[in-house]
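The file structure34.csv comes next; it holds CSV, C-alpha atoms.
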chain,number,residue,atom,x,y,z
E,296,MET,CA,32.7,56.1,-93.1
E,297,GLY,CA,31.3,54.8,-96.4
E,298,ASN,CA,30.2,56.7,-99.4
E,299,SER,CA,27.0,58.1,-97.8
E,300,ALA,CA,25.4,58.5,-94.4
E,301,LEU,CA,21.7,58.5,-93.4
E,302,LEU,CA,21.0,60.6,-90.4
E,303,TYR,CA,17.8,60.1,-88.4
E,304,PHE,CA,16.0,60.9,-85.2
E,305,LYS,CA,15.1,58.3,-82.5
E,306,ALA,CA,11.3,58.3,-83.2
E,307,GLU,CA,11.9,57.2,-86.8
E,308,GLU,CA,14.7,54.6,-86.1
E,309,GLN,CA,13.2,51.5,-87.6
E,310,PHE,CA,12.1,53.1,-90.9
E,311,ALA,CA,15.4,54.9,-91.2
E,312,GLN,CA,17.5,51.8,-90.6
E,313,ASP,CA,15.4,49.8,-93.0
E,314,LEU,CA,15.8,52.5,-95.6
E,315,ALA,CA,19.6,52.7,-95.1
E,316,LYS,CA,19.9,49.0,-95.8
E,317,LEU,CA,17.9,49.4,-99.1
E,318,ILE,CA,19.9,52.3,-100.4
E,319,GLY,CA,23.3,51.1,-99.2
E,320,SER,CA,24.0,53.8,-96.6
E,321,THR,CA,25.1,53.6,-93.1
E,322,ALA,CA,22.5,54.9,-90.6
E,323,TYR,CA,23.5,57.2,-87.8
E,324,LEU,CA,21.3,58.4,-84.9
E,325,ILE,CA,21.2,62.2,-84.3
E,326,MET,CA,21.5,62.4,-80.6
E,327,ARG,CA,19.3,64.9,-78.8
E,328,HIS,CA,19.4,66.2,-75.3
E,329,ASP,CA,16.5,68.3,-73.8
E,330,PHE,CA,17.2,71.0,-71.3
E,331,PRO,CA,14.8,71.9,-68.5
E,332,ASP,CA,14.0,75.3,-70.1
E,333,GLY,CA,12.6,73.6,-73.3
E,334,GLU,CA,15.7,74.1,-75.5
E,335,PHE,CA,17.6,71.2,-76.9
E,336,LYS,CA,20.9,70.3,-78.4
E,337,LEU,CA,21.8,67.8,-81.1
E,338,GLN,CA,24.9,65.8,-81.7
E,339,LEU,CA,25.9,64.3,-85.1
E,340,PRO,CA,28.7,61.9,-85.9
E,341,PRO,CA,32.0,63.8,-85.7
E,342,ALA,CA,32.9,62.8,-89.3
E,343,LEU,CA,30.6,62.5,-92.3
E,344,PRO,CA,31.1,61.6,-96.0
E,345,LEU,CA,30.6,64.2,-98.8
E,346,ARG,CA,27.1,63.0,-99.4
E,347,ALA,CA,24.5,62.5,-96.7
E,348,VAL,CA,20.7,62.1,-96.2
E,349,ILE,CA,18.6,63.4,-93.3
E,350,PHE,CA,15.4,61.4,-92.8
E,351,HIS,CA,12.6,63.2,-91.0
E,352,THR,CA,8.9,63.1,-91.6
E,353,LEU,CA,7.4,66.4,-90.7
E,354,ASP,CA,4.1,65.8,-88.8
E,355,HIS,CA,4.0,67.9,-85.7
E,356,PRO,CA,6.4,70.1,-87.6
E,357,ASN,CA,7.3,73.1,-85.5
E,358,GLU,CA,9.9,71.5,-83.4
E,359,LYS,CA,11.0,69.2,-86.2
E,360,LEU,CA,11.8,72.1,-88.5
E,361,ILE,CA,14.2,73.5,-85.8
E,362,GLU,CA,15.8,70.0,-85.6
E,363,LEU,CA,16.3,70.1,-89.4
E,364,LEU,CA,17.8,73.6,-89.3
E,365,PHE,CA,20.3,72.5,-86.6
E,366,ALA,CA,21.2,69.2,-88.2
E,367,ALA,CA,21.5,70.4,-91.7
E,368,ARG,CA,23.8,73.3,-90.8
E,369,ALA,CA,25.9,71.1,-88.6
E,370,ALA,CA,26.2,68.5,-91.4
E,371,ARG,CA,27.6,71.2,-93.7
E,372,GLN,CA,30.1,72.3,-91.1
E,373,LEU,CA,31.2,68.7,-90.8
E,374,GLY,CA,32.0,68.6,-94.5
E,375,VAL,CA,28.9,67.3,-96.3
E,376,MET,CA,28.8,68.8,-99.8
E,377,HIS,CA,25.5,67.2,-101.0
E,378,LEU,CA,22.6,66.9,-98.6
E,379,THR,CA,19.3,65.3,-99.3
E,380,LEU,CA,16.1,65.5,-97.2
E,381,ILE,CA,13.8,62.5,-97.2
E,382,ALA,CA,10.6,63.7,-95.6
E,383,PRO,CA,7.7,61.4,-96.4
E,384,TYR,CA,5.3,64.0,-95.1
E,385,LEU,CA,6.0,67.7,-95.8
E,386,ALA,CA,4.4,70.2,-93.5
E,387,TYR,CA,3.1,73.7,-94.4
E,388,MET,CA,2.4,73.0,-98.0
E,389,ARG,CA,-1.3,73.8,-97.9
E,390,GLN,CA,-1.1,77.6,-97.5
E,391,ASP,CA,0.2,78.6,-101.0
E,392,ILE,CA,-1.5,82.0,-101.4
E,393,ALA,CA,-2.6,84.9,-99.1
E,394,PHE,CA,-6.4,84.9,-99.0
E,395,VAL,CA,-6.5,88.2,-97.1
E,396,PRO,CA,-3.9,91.0,-96.9
E,397,GLY,CA,-1.2,90.2,-94.4
E,398,GLU,CA,-1.8,86.5,-94.3
E,399,VAL,CA,1.4,84.5,-94.2
E,400,VAL,CA,2.1,82.2,-97.1
E,401,SER,CA,3.7,79.4,-95.2
E,402,GLN,CA,4.5,77.2,-98.2
E,403,LYS,CA,6.8,79.9,-99.6
E,404,ILE,CA,8.6,80.5,-96.3
E,405,ILE,CA,9.1,76.8,-95.5
E,406,GLY,CA,10.0,76.0,-99.1
E,407,ASP,CA,12.7,78.7,-99.1
E,408,LEU,CA,14.1,77.5,-95.7
E,409,LEU,CA,14.4,73.9,-96.9
E,410,ALA,CA,16.0,75.0,-100.2
E,411,SER,CA,18.6,76.9,-98.2
E,412,LEU,CA,19.5,73.7,-96.2
E,413,PHE,CA,19.3,70.9,-98.8
E,414,ASP,CA,20.3,70.1,-102.3
E,415,ALA,CA,17.5,67.6,-102.9
E,416,VAL,CA,14.2,66.8,-101.4
E,417,ILE,CA,12.2,63.5,-101.7
E,418,THR,CA,8.6,63.4,-100.4
E,419,VAL,CA,5.3,61.6,-100.9
E,420,ASP,CA,2.1,63.2,-101.9
E,421,PRO,CA,2.8,66.8,-100.9
E,422,HIS,CA,-0.4,68.8,-100.5
E,423,LEU,CA,0.1,71.0,-103.6
E,424,HIS,CA,-2.9,72.8,-104.9
E,425,ARG,CA,-2.3,76.0,-106.9
E,426,VAL,CA,1.4,75.1,-107.2
E,427,SER,CA,1.7,72.1,-109.6
E,428,LYS,CA,5.3,71.1,-109.0
E,429,LEU,CA,7.3,70.5,-105.9
E,430,GLU,CA,10.3,72.6,-107.2
E,431,GLU,CA,8.0,75.6,-107.4
E,432,ALA,CA,7.4,75.2,-103.6
E,433,ILE,CA,10.9,74.1,-102.7
E,434,PRO,CA,13.4,75.5,-105.2
E,435,VAL,CA,16.2,72.9,-104.8
E,436,ARG,CA,18.2,71.3,-107.6
E,437,ARG,CA,16.2,68.1,-107.3
E,438,ALA,CA,12.7,68.0,-105.9
E,439,ILE,CA,11.2,64.5,-106.2
E,440,THR,CA,7.5,63.9,-105.6
E,441,LEU,CA,6.3,60.3,-105.2
E,442,SER,CA,2.7,59.1,-104.9
E,443,ALA,CA,1.3,56.4,-102.7
E,444,ALA,CA,-2.1,56.6,-104.4
E,445,PRO,CA,-1.4,53.6,-106.6
E,446,LEU,CA,-0.3,51.6,-103.6
E,447,LEU,CA,-3.5,52.5,-101.8
E,448,GLY,CA,-5.6,51.5,-104.8
E,449,GLU,CA,-3.8,48.2,-104.9
E,450,LEU,CA,-4.6,47.7,-101.2
E,451,ALA,CA,-8.2,48.5,-101.8
E,452,ILE,CA,-8.5,45.9,-104.5
E,453,SER,CA,-7.0,43.3,-102.1
E,454,ARG,CA,-9.6,44.1,-99.5
E,455,ARG,CA,-12.8,44.8,-101.5
E,456,ALA,CA,-14.2,43.4,-104.7
E,457,ASN,CA,-14.3,46.0,-107.4
E,458,PRO,CA,-14.0,49.0,-105.1
E,459,PHE,CA,-15.4,52.4,-106.1
E,460,LEU,CA,-12.9,55.2,-105.3
E,461,ILE,CA,-14.2,58.5,-104.1
E,462,GLY,CA,-12.3,61.7,-103.6
E,463,PRO,CA,-13.9,63.7,-100.7
E,464,ASP,CA,-13.2,67.0,-102.4
E,465,GLY,CA,-11.8,68.7,-105.5
E,466,GLU,CA,-8.3,68.8,-104.2
E,467,SER,CA,-8.3,65.0,-103.8
E,468,GLU,CA,-8.9,64.4,-107.5
E,469,GLN,CA,-5.2,64.2,-108.4
E,470,TRP,CA,-4.7,61.2,-106.1
E,471,VAL,CA,-8.0,59.4,-106.5
E,472,ALA,CA,-7.7,59.6,-110.3
E,473,GLN,CA,-4.2,58.3,-110.3
E,474,ALA,CA,-5.1,55.3,-108.2
E,475,ALA,CA,-8.2,54.6,-110.3
E,476,LEU,CA,-6.5,54.8,-113.7
E,477,LYS,CA,-3.6,52.7,-112.5
E,478,HIS,CA,-6.0,49.8,-111.5
E,479,HIS,CA,-8.9,50.4,-113.9
E,480,LEU,CA,-11.3,51.3,-111.2
E,481,ASP,CA,-14.4,53.5,-111.2
E,482,TYR,CA,-14.0,56.8,-109.4
E,483,ALA,CA,-15.7,60.1,-108.8
E,484,VAL,CA,-15.1,63.3,-106.7
E,485,ALA,CA,-17.4,64.9,-104.2
E,486,HIS,CA,-17.7,68.7,-103.6
E,487,LYS,CA,-16.8,70.3,-100.3
E,488,LEU,CA,-17.6,73.6,-98.7
E,489,ARG,CA,-15.5,74.4,-95.7
E,490,TYR,CA,-16.9,76.7,-93.0
E,491,GLY,CA,-14.1,76.2,-90.4
E,492,ASP,CA,-11.5,73.7,-89.3
E,493,ARG,CA,-14.2,71.2,-88.2
E,494,GLN,CA,-17.3,72.4,-90.2
E,495,VAL,CA,-17.8,71.1,-93.7
E,496,GLU,CA,-20.6,70.4,-96.1
E,497,ILE,CA,-20.3,67.6,-98.6
E,498,THR,CA,-22.2,67.1,-101.8
E,499,LEU,CA,-21.9,63.7,-103.5
E,500,PRO,CA,-21.5,63.3,-107.3
E,501,SER,CA,-24.4,62.1,-109.3
E,502,VAL,CA,-23.5,58.4,-109.1
E,503,ASN,CA,-25.4,55.3,-108.2
E,504,PHE,CA,-23.6,54.0,-105.1
E,505,PHE,CA,-26.2,51.3,-104.2
E,506,GLY,CA,-24.5,48.0,-103.3
E,507,ARG,CA,-21.0,49.3,-104.0
E,508,SER,CA,-17.9,49.0,-101.9
E,509,VAL,CA,-16.7,52.6,-101.7
E,510,VAL,CA,-13.2,53.7,-100.7
E,511,LEU,CA,-12.7,57.3,-99.7
E,512,LEU,CA,-9.1,58.1,-100.9
E,513,ASP,CA,-7.1,61.2,-100.1
E,514,ASP,CA,-3.7,62.5,-99.3
E,515,ILE,CA,-4.3,63.7,-95.7
E,516,ALA,CA,-6.8,62.9,-92.9
E,517,SER,CA,-6.6,65.1,-89.8
E,518,SER,CA,-9.8,66.0,-87.9
E,519,GLY,CA,-11.9,63.3,-89.8
E,520,ASN,CA,-14.9,65.6,-90.3
E,521,THR,CA,-14.7,65.6,-94.1
E,522,LEU,CA,-14.5,61.8,-94.2
E,523,ALA,CA,-17.2,61.3,-91.6
E,524,ALA,CA,-19.6,63.6,-93.5
E,525,ALA,CA,-18.9,61.8,-96.8
E,526,THR,CA,-19.3,58.4,-95.2
E,527,ARG,CA,-22.8,59.2,-93.7
E,528,LEU,CA,-24.0,60.4,-97.2
E,529,LEU,CA,-22.6,57.4,-99.0
E,530,LEU,CA,-24.2,54.9,-96.6
E,531,THR,CA,-27.5,56.8,-96.9
E,532,ALA,CA,-27.1,56.5,-100.7
E,533,GLY,CA,-26.9,52.8,-100.4
E,534,ALA,CA,-23.2,52.0,-100.3
E,535,LYS,CA,-22.5,48.5,-99.2
E,536,THR,CA,-19.3,49.5,-97.3
E,537,VAL,CA,-17.2,52.6,-96.9
E,538,ASP,CA,-13.5,52.4,-96.1
E,539,VAL,CA,-10.9,55.2,-95.8
E,540,ALA,CA,-7.5,55.1,-97.5
E,541,VAL,CA,-5.0,58.0,-96.9
E,542,THR,CA,-1.4,58.6,-97.5
E,543,HIS,CA,-0.7,60.7,-94.4
E,544,ALA,CA,-2.4,59.7,-91.1
E,545,LEU,CA,-2.5,63.0,-89.3
E,546,PHE,CA,-5.5,62.0,-87.3
E,547,ASP,CA,-6.1,64.0,-84.2
E,548,SER,CA,-7.2,62.4,-80.9
E,549,ASN,CA,-10.9,62.3,-81.8
E,550,ALA,CA,-10.7,61.6,-85.5
E,551,LEU,CA,-10.8,57.8,-85.5
E,552,ASP,CA,-13.8,57.7,-83.2
E,553,LEU,CA,-15.6,60.2,-85.3
E,554,ILE,CA,-14.9,58.3,-88.5
E,555,LYS,CA,-15.9,54.9,-87.0
E,556,ALA,CA,-19.1,56.4,-85.6
E,557,ALA,CA,-20.0,57.6,-89.1
E,558,GLY,CA,-19.9,54.0,-90.3
E,559,VAL,CA,-16.5,53.5,-91.8
E,560,SER,CA,-15.5,49.8,-91.9
E,561,GLU,CA,-11.7,50.0,-92.2
E,562,ILE,CA,-9.1,52.7,-92.2
E,563,TRP,CA,-5.9,52.3,-94.1
E,564,SER,CA,-2.8,54.5,-94.3
E,565,THR,CA,0.8,54.4,-95.4
E,566,ASP,CA,3.7,54.5,-93.1
E,567,CYS,CA,4.7,58.0,-94.1
E,568,ILE,CA,3.6,58.8,-90.6
E,569,SER,CA,3.7,56.1,-88.0
E,570,HIS,CA,0.1,55.2,-87.0
E,571,ALA,CA,-2.0,52.3,-85.9
E,572,SER,CA,-3.8,52.4,-89.2
E,573,ASN,CA,-0.7,51.8,-91.3
E,574,ALA,CA,-1.4,49.2,-93.9
E,575,VAL,CA,1.1,49.8,-96.7
E,576,SER,CA,4.7,50.8,-96.8
E,577,VAL,CA,6.3,53.5,-99.0
E,578,LEU,CA,9.8,52.3,-98.0
E,579,PRO,CA,10.5,50.6,-101.4
E,580,LEU,CA,9.1,53.6,-103.3
E,581,ILE,CA,11.4,56.0,-101.5
E,582,ALA,CA,14.4,53.7,-101.8
E,583,GLU,CA,13.9,53.3,-105.6
E,584,ALA,CA,13.6,57.0,-106.1
E,585,PHE,CA,16.7,57.8,-104.1
E,586,LEU,CA,18.8,55.1,-105.9
E,587,GLY,CA,17.6,56.5,-109.2
E,588,THR,CA,19.0,59.9,-108.4
E,589,SER,CA,21.9,59.1,-106.0
E,590,ASN,CA,24.5,59.6,-108.7
E,591,CYS,CA,23.1,62.9,-109.9
E,592,PRO,CA,24.9,66.1,-108.9
Spell out the structure here as structure tokens.
Amino acid sequence: MGNSALLYFKAEEQFAQDLAKLIGSTAYLIMRHDFPDGEFKLQLPPALPLRAVIFHTLDHPNEKLIELLFAARAARQLGVMHLTLIAPYLAYMRQDIAFVPGEVVSQKIIGDLLASLFDAVITVDPHLHRVSKLEEAIPVRRAITLSAAPLLGELAISRRANPFLIGPDGESEQWVAQAALKHHLDYAVAHKLRYGDRQVEITLPSVNFFGRSVVLLDDIASSGNTLAAATRLLLTAGAKTVDVAVTHALFDSNALDLIKAAGVSEIWSTDCISHASNAVSVLPLIAEAFLGTSNCP
């Protein structure tokens, strides 16, 4: 084998093979067999170089985390000395403190698990709130955070004249501000009160939206309730159009219908998670970051 190997799972084959070409690695499929009782087994190549990458984006994470555990441990047994995880989407980063006694802090648990398996982690727009740096959540030697916000801002400019970027809540400010400052766009952030997984109350900032092309920009979209509520308010306030731009398209089965019914014109996402709304690729961003660190210990 060559100097490095990129290991991937079947569902992510095209992205992984394209990435392998960009970073000069050889791509190898991790074979999986499912047993009737719900268990599965994996098979890696029988020989691996000293340095390897596992590519796996962690939407629908519960089974994927077990896959990572098996694959990473097996890679070490096959002689890999330096192992990198490239996970465009990282799961379980939201829960960073216990709000009530006994509540599990998933970020700490998953972060420690990944740190026990990998020497380096590369991801895109992890949902960090009270933790400011990825290495605080995942204590590996190299924890690299990339952002797709500038790419989404560039896309918005290509689709709308002088778009106004809005973050739907306070947590989104880090991404919407980055995109706006990169492209010299106006931006503001709404306020959100959450009453449950699908119950939210949005308050718009004191801004004149009349006649503006507004783009709601955030890292994650899942149920769509926050985006739908913000869209209805923006259109009532006179916005010419409202579009949605997100890094991670975690949309559930009803989300797109809900957002469209609220009046959203277009929905754009990155290919961190494969979805029909994908409109911009993070592939070059990830490749550049990996190549910039590939010679580091």
Contacts of E:Ala386 at 7 Å (only C-alpha atoms; same-chain gap of 4+ positions) as a VMD selection string = chain E and resid 353 to 354 356
Sorted by chain and rising residue number, list the residues of stretch 326-398 of chain E at most 12 Å from stretch 515-525 of chain E (counting only C-alpha atoms), each with its closest atom pair and distance in Å to one decimal, as a Markdown table.
| residue | atom | partner | partner_atom | distance |
| --- | --- | --- | --- | --- |
| E:Asp354 | CA | E:Ser517 | CA | 10.8 |
| E:His355 | CA | E:Ser517 | CA | 11.7 |
| E:Tyr384 | CA | E:Ile515 | CA | 9.6 |
| E:Leu385 | CA | E:Ile515 | CA | 11.0 |
| E:Ala386 | CA | E:Ile515 | CA | 11.1 |
| E:Met388 | CA | E:Ile515 | CA | 11.7 |
| E:Arg389 | CA | E:Ile515 | CA | 10.8 |
Residue contacts of E:Glu307 (10 Å, all atoms listed in the file) excluding same-chain residues fewer than 2 positions away, as a VMD selection string | chain E and resid 303 to 305 309 to 312 324 350 to 352 568 to 569
Those same residues - C-alpha atoms - I'd like them written as a PDB file, in the frame of the given file.
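And here is the file that came out, result-v7.pdb:
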ATOM      1  CA  TYR E 303      17.800  60.100 -88.400  1.00  0.00           C
ATOM      2  CA  PHE E 304      16.000  60.900 -85.200  1.00  0.00           C
ATOM      3  CA  LYS E 305      15.100  58.300 -82.500  1.00  0.00           C
ATOM      4  CA  GLN E 309      13.200  51.500 -87.600  1.00  0.00           C
ATOM      5  CA  PHE E 310      12.100  53.100 -90.900  1.00  0.00           C
ATOM      6  CA  ALA E 311      15.400  54.900 -91.200  1.00  0.00           C
ATOM      7  CA  GLN E 312      17.500  51.800 -90.600  1.00  0.00           C
ATOM      8  CA  LEU E 324      21.300  58.400 -84.900  1.00  0.00           C
ATOM      9  CA  PHE E 350      15.400  61.400 -92.800  1.00  0.00           C
ATOM     10  CA  HIS E 351      12.600  63.200 -91.000  1.00  0.00           C
ATOM     11  CA  THR E 352       8.900  63.100 -91.600  1.00  0.00           C
ATOM     12  CA  ILE E 568       3.600  58.800 -90.600  1.00  0.00           C
ATOM     13  CA  SER E 569       3.700  56.100 -88.000  1.00  0.00           C
TER      14      SER E 569
END
For E:Glu561, the closest of E:Ala382, E:Ile433, E:Ile325, E:Val541 counting all atoms listed in the file is E:Val541
Atomic separation - atom CA of E:Ser320 relative to atom CA of E:Ser299, Å | 5.4 Å
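Pairwise distance (atom CA of E:Thr418, atom CA of E:Tyr323) equals 20.5 Å.
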Can you list, as a ChimeraX atom specification, every protein, DNA or RNA residue that comes within 9 Å of E:Glu468 when you count all atoms listed in the file, leaving out same-chain residues fewer than 5 positions away?
-> /E:461-463,473,483-484,513
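You can rank E:Asp481, E:Glu398, E:Asp538, E:Asp414 by their closest distance to E:Val435 using all atoms listed in the file, and at the top of that list sits E:Asp414.
If all atoms listed in the file are the atoms counted, then among E:Val399, E:Ala456, E:Leu551, E:Ile361 the closest residue to E:Gly506 is E:Ala456.
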Could you give me, as a VMD selection string, the residues that sit within 9 Å of (19.1, 67.1, -98.3) in the file's coordinates, counting all atoms listed in the file?
-> chain E and resid 347 to 350 367 377 to 381 409 to 410 412 to 417
From the set E:Ala432, E:Ala532, E:Ala544, E:Val510, which residue has the shortest atom-to-atom contact distance to E:Ser560, counting only C-alpha atoms?
-> E:Val510
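Here atom CA of E:Pro383 is placed at a distance of 17.3 Å from atom CA of E:Leu408.
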Which residue of E:Ala475, E:Leu429, E:Val419, E:Ala550 approaches E:Lys403 most closely, using all atoms listed in the file = E:Leu429
For E:Val575, list every protein, DNA or RNA residue within 12 Å, evaluated using only C-alpha atoms, and leave out those in the same chain fewer than 3 positions away; present the list as a list in words.
-> Ala443, Ala444, Pro445, Leu446, Leu447, Gly448, Glu449, Leu450, Ala451, Ser453, Ala540, Val541, Thr542, His543, Ala544, Ile562, Trp563, Ser564, Thr565, Asp566, Cys567, Ile568, Ser569, His570, Ala571, Ser572, Leu578, Pro579 and Leu580 of chain E
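Between E:His422 and the residues E:Leu441, E:Ala574, E:Ala534, E:Leu476, the shortest atom-to-atom distance, using only C-alpha atoms, involves E:Leu441.
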